[in-house]
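Step one of this worksheet: look at the structure below.
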Amino acid sequence: RTPGPLSAEQLAQGWLVADALAQQVLNRWPGNGTTGETGPGPVGAGSVGLHRAEVHQATGVLSERLGVSLAEALDRLRAQAFSSGLSLPDTAHAVIERELPDATP
C-alpha cells in the first residue's frame, strides 16, 4: 500500500504466489500432455507444495554451479522449465540428478 521495498515476509509470500501461478501456467501450457484439470494425476493443482523442497535444492545447486545469487538461480530454473516444457518440479529433479548440463540458461 506504500512505496518502498517489501518486508521479508511479503517477499516470501510473493515468491510462494509466483511459484503457484507459474506452475499453473505450465500445467495448462498447450502441448504439455495434461488436460488442465485439477485433481489426481501427474501434475494436479496443489502439486507445487509437494515438490517445494526439491525446487529449493535445485536452486541452491544452480546457484553454486553458476556462481549466481539464489534469486537468479531460481529465475534460471524457471526459465529452463518454461523453455523445455517440463514442470518446475521435473526440471528441479533433473538439475539435482545432473540430467541437465551445468550451463543451464
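Labels used: A, B, ... for chains in the order of the C-alpha cells, numbers from 1 for residues in each chain, and numbers from 1 for ligands as shown.
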
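Non-sequential neighbours of range 70-80 of chain A (distance at most 8 Å, separation of 4 or more positions within a chain, only C-alpha atoms) are Ala58, Thr59, Gly60, Leu62, Ser63, Leu66, Ser84, Leu88, Thr91, Ala92, Thr104 and Pro105 of chain A.
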
* Which of these, A:Arg28, A:Phe82, A:Leu6, A:Val95, has the shortest distance to Arg65 in chain A once you count only C-alpha atoms? -> A:Val95

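Rounded to one decimal, CA of Ala22 in chain A and CA of Thr2 in chain A lie 26.1 Å from each other.
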
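Going from CA of Trp29 in chain A over to CA of Leu11 in chain A, you cover 26.5 Å.
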